[in-house]
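Comments concern the structure below.
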Amino acid sequence: MENPKVGVVILNYNGLKHLKTCLDSVLALDYPDFEIFLVENGSNDGSLEFINDNYKDKITLIALDKNTGFAKGNNIAIKEAFKDPEIKYIAPLNNDTKVESGWLGEMMNIIRKDEKIGSVSSKMMFYYEKDLINAIGVLISRDGGGINLGYKEKDEGQFEKDMEIFGPSAGACLYSRKMLEDIDLGDGEFFDNTYFAYYEDVDICWRARLAGYTSWYSHKSVVYHVHSATGVSHSPFKAFHIQRNRLFNILKDFPFWSAVYAFLIITPVRYLHLLNAAFFRKSGPAAKTKSKAGSGSLFKLTFKAWADFFRLMPEMMRKRRKVIRSKIVSNKLVREWFKKYKSDLETEIYK
């Protein structure tokens with residue numbers, strides 16, 4: 001069987017302590033035809049010097065002067081990869097990971113079965129707790145958010161079969177070139193640059209699904225993930241981007257009445273849960289955000305997220321028109337997705 005060439009895209013920002021483990025494991029993959037594109041996203045921890053000293057002749061290095069974010073950094077690498085017409089697939093991979101030798105080949109075995117399979121998720125496990133699942137795929141909520149399927153579940157064989165999912169986490173997955181080019185927002189904007197970081201993979205799942213592509217999970221494709229090594233878990237930075245980008249997802253990707261319902265009904269319910277977490281519970285993302293950023297941080301972050309959302313609304317509306325033009329599925333099918341791939345809102349808030 002022919003083995004199409006794959007571009008493995010790795011984004012690095014101050015991830016020096018993880019690079020050797022990650023790159024050595026990728027270089028040891030058993031898939032016969034791939035090239036590594038590493039974006040050095042303006043690190044100041046010696047990452048660039050380390051890469052030049054140890055991997056210069058083994059990868060394609062793209063060194064940037066500043067941190068451009070997850071979305072734009074990956075887009076830069078993907079556009080560079082697509083200069084090679086032989087590259088038919090893109091495999092984004094977080095820098096704080098270690099892949100098993102069959103990671104890429106097993107995903108390729110699935111994506112080649114049908115041209116309408118636009119993406120494949122690997123089985124992402126926690127690096128330091130190898131019996132705990134990090135991500136199998138993405139579950140979606142009616143307010144534009146999402147969580148990782150299987151997150152922090154003990155691996156007891158419950159996901160030991162390939163299956164259709166809504167879409168993959170971009171931390172370790174495979175996209176077809178055709179799918180990425182079909183949902184391009186313009187000039188190689190595959191991930192939405194405006195997001196900077198967080199939920200950009202949920203957005204790309206939505207756009208691919210609306211354009212008629214499906215997504216699958218490969219249980220034999222295994223990767224181990226440190227998790228939040230670059231972006232601190234529950235930081236104010238992360239909380240802001242998650243809240244704002246969730247709103248972007250609603251406005252840009254949801255059918256009209258689903259968007260109205262999300263803004264008027266589901267979003268207020270989310271904030272009630274957040275208030276409950278912040279003031280009446282001792283754990284959960286909202287409580288942790290409040291403790292790190294000081295009293296009233298929840299309100300400040302929410303106001304800041306909405307202010308930025310309104311500021312960027314004209315751009316999101318322009319992108320929405322592109323998304324709707326590429327939409328070929330029915331609104332009925334979209335409503336079925338909300339049931340089939342449902343993320344429980346309270347679970348999402350407190351995980």
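Residue numbers start at 1 in each chain; chains themselves are named A, B, ... in the order of the structure tokens; ligands are numbered from 1 in the order shown.
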
Spatial neighbours of Val334 (chain A), 10 Å, only C-alpha atoms, chain gap at least 4 places, as a list in words: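 So the residues in contact are Trp206, Arg209, Leu210, Phe254, Pro255, Ser258, Val329, Ser330, Phe338, Lys339 and Lys340 of chain A.
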
Can you list every residue in region 113-231 of chain A that DSSP puts in strand (DSSP E or B), as number ranges by chain? A: 117-126, 132-135, 138-140, 146-148, 154, 163-165, 172-176, 214-225

Selected residue, from A:Met163, A:Ile183, A:Leu48, A:Val99, that lies nearest to Lys327 (chain A) when counting only C-alpha atoms: A:Ile183

Please report as a tab-separated table every residue of region 59-115 of chain A lying within 10 Å of region 167-171 of chain A, along with the nearest atom pair and their distance in Å (one decimal), using only C-alpha atoms.
```
residue	atom	partner	partner_atom	distance
A:Phe70	CA	A:Ala170	CA	9.9
A:Ala91	CA	A:Ala170	CA	8.6
A:Pro92	CA	A:Ala170	CA	6.1
A:Leu93	CA	A:Gly171	CA	5.1
A:Asn94	CA	A:Gly171	CA	4.9
A:Asn95	CA	A:Gly171	CA	8.7
A:Asp96	CA	A:Gly171	CA	9.3
A:Thr97	CA	A:Gly171	CA	8.7
```

Residues within 6 Å of region 143-155 of chain A, please, as a VMD selection string. Count only C-alpha atoms; anything in the same chain fewer than 5 positions from it doesn't count. chain A and resid 131 to 138 246 249 to 250 262 266 to 267

Writer output for current selection, C-alpha atoms, as a compact mmCIF listing (two decimals), in the first residue's frame:
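What follows is the written file again11.txt:
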```
# COMPACT_ATOMS: atom_id res chain seq x y z
CA ASP A 131 -3.18 4.52 33.26
CA LEU A 132 -5.19 7.77 32.98
CA ILE A 133 -6.68 8.98 29.71
CA ASN A 134 -6.04 12.55 28.61
CA ALA A 135 -8.10 12.62 25.39
CA ILE A 136 -9.84 10.28 22.99
CA GLY A 137 -11.57 13.03 21.07
CA VAL A 138 -13.71 16.12 21.62
CA ARG A 246 -16.26 29.78 23.18
CA ASN A 249 -17.46 29.26 18.22
CA ILE A 250 -21.14 30.05 18.74
CA ALA A 262 -26.74 29.32 23.07
CA ILE A 266 -27.18 28.13 27.71
CA THR A 267 -24.56 30.83 28.27
```

Can you list every residue in region 24-118 of chain A that DSSP puts in alpha helix (DSSP H), as an NGL selection string? :A and (24-27 or 47-54 or 69-81 or 103-111)

Would you pick out the contacts of region 50-60 of chain A at 9 Å or less, using only C-alpha atoms, so that residues sharing its chain but fewer than 4 positions from it are not included, and give the list as a ChimeraX atom specification? /A:16,19-20,23,27,35-39,46

Residues near Tyr31 (chain A), anyone? I mean within 10 Å using only C-alpha atoms, not counting same-chain ones fewer than 2 positions away, as a list in words.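 Once the adjacent positions are removed, what remains is Asn3, Pro4, Lys5, Val6, Val26, Leu27, Ala28, Leu29, Asp33, Phe34, Ser101, Gly102, Trp103, Leu104, Gly105, Glu106 and Met108 of chain A.
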
Just-selected residues, N, CA and C atoms written as a CSV table (one decimal), in the first residue's frame:
```csv
chain,number,residue,atom,x,y,z
A,3,ASN,N,2.3,4.8,0.9
A,3,ASN,CA,2.4,5.6,2.1
A,3,ASN,C,2.5,7.1,1.8
A,4,PRO,N,1.4,7.8,1.8
A,4,PRO,CA,1.5,9.3,1.5
A,4,PRO,C,2.4,10.0,2.5
A,5,LYS,N,3.0,11.0,2.0
A,5,LYS,CA,3.9,11.8,2.9
A,5,LYS,C,3.1,12.6,3.9
A,6,VAL,N,3.6,12.7,5.2
A,6,VAL,CA,2.9,13.4,6.2
A,6,VAL,C,3.8,14.5,6.8
A,26,VAL,N,9.4,11.0,17.9
A,26,VAL,CA,8.9,11.2,16.5
A,26,VAL,C,9.9,10.7,15.5
A,27,LEU,N,11.2,10.9,15.7
A,27,LEU,CA,12.2,10.5,14.8
A,27,LEU,C,12.2,8.9,14.7
A,28,ALA,N,11.7,8.3,15.8
A,28,ALA,CA,11.7,6.8,15.8
A,28,ALA,C,10.4,6.2,15.3
A,29,LEU,N,9.5,7.0,14.7
A,29,LEU,CA,8.3,6.5,14.2
A,29,LEU,C,8.6,5.4,13.1
A,33,ASP,N,7.4,7.7,5.6
A,33,ASP,CA,7.5,8.9,4.9
A,33,ASP,C,6.9,10.1,5.6
A,34,PHE,N,7.7,10.8,6.4
A,34,PHE,CA,7.2,12.0,7.1
A,34,PHE,C,8.3,13.0,7.2
A,101,SER,N,5.9,4.2,18.6
A,101,SER,CA,6.4,4.1,17.2
A,101,SER,C,5.3,3.9,16.2
A,102,GLY,N,4.1,3.4,16.6
A,102,GLY,CA,3.0,3.2,15.6
A,102,GLY,C,2.0,4.4,15.6
A,103,TRP,N,2.3,5.4,16.4
A,103,TRP,CA,1.4,6.5,16.5
A,103,TRP,C,0.9,7.1,15.2
A,104,LEU,N,1.7,7.4,14.3
A,104,LEU,CA,1.3,8.0,13.0
A,104,LEU,C,0.8,6.9,12.0
A,105,GLY,N,1.4,5.8,11.9
A,105,GLY,CA,1.0,4.8,11.0
A,105,GLY,C,-0.4,4.3,11.3
A,106,GLU,N,-0.8,4.1,12.6
A,106,GLU,CA,-2.1,3.7,12.9
A,106,GLU,C,-3.2,4.7,12.5
A,108,MET,N,-2.9,6.8,10.1
A,108,MET,CA,-2.9,6.7,8.6
A,108,MET,C,-3.8,5.6,8.1
```

List the spatial neighbours of Thr302 (chain A) as number ranges by chain - criterion: any atom at most 8 Å away, only C-alpha atoms, same-chain residues fewer than 3 positions off excluded. A: 240, 243, 298-299, 305-306

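The closest residue to Arg335 (chain A), picked from A:Ala259, A:Cys205, A:Ile78, A:Ile10 and counting only C-alpha atoms, is A:Ala259.
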
Enter the distance from CA of Lys322 (chain A) to CA of Ile204 (chain A), in Å, rounded to one decimal. 13.1 Å

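Residues surrounding Asp203 (chain A) within 8 Å are Phe191, Asp192, Asn249 and Asp253 of chain A [only C-alpha atoms; sequence separation below 6 positions excluded].
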
Smallest atom-to-atom distance to Arg207 (chain A): which of A:Met125, A:Leu185, A:Cys22, A:Ile165, using only C-alpha atoms?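 Of all the options, A:Leu185 lies closest to Arg207 (chain A).
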
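Minimum atom-to-atom distance to Asn331 (chain A), evaluated using only C-alpha atoms, belongs to A:Phe256 out of A:Tyr175, A:Phe237, A:Phe256, A:Trp216.
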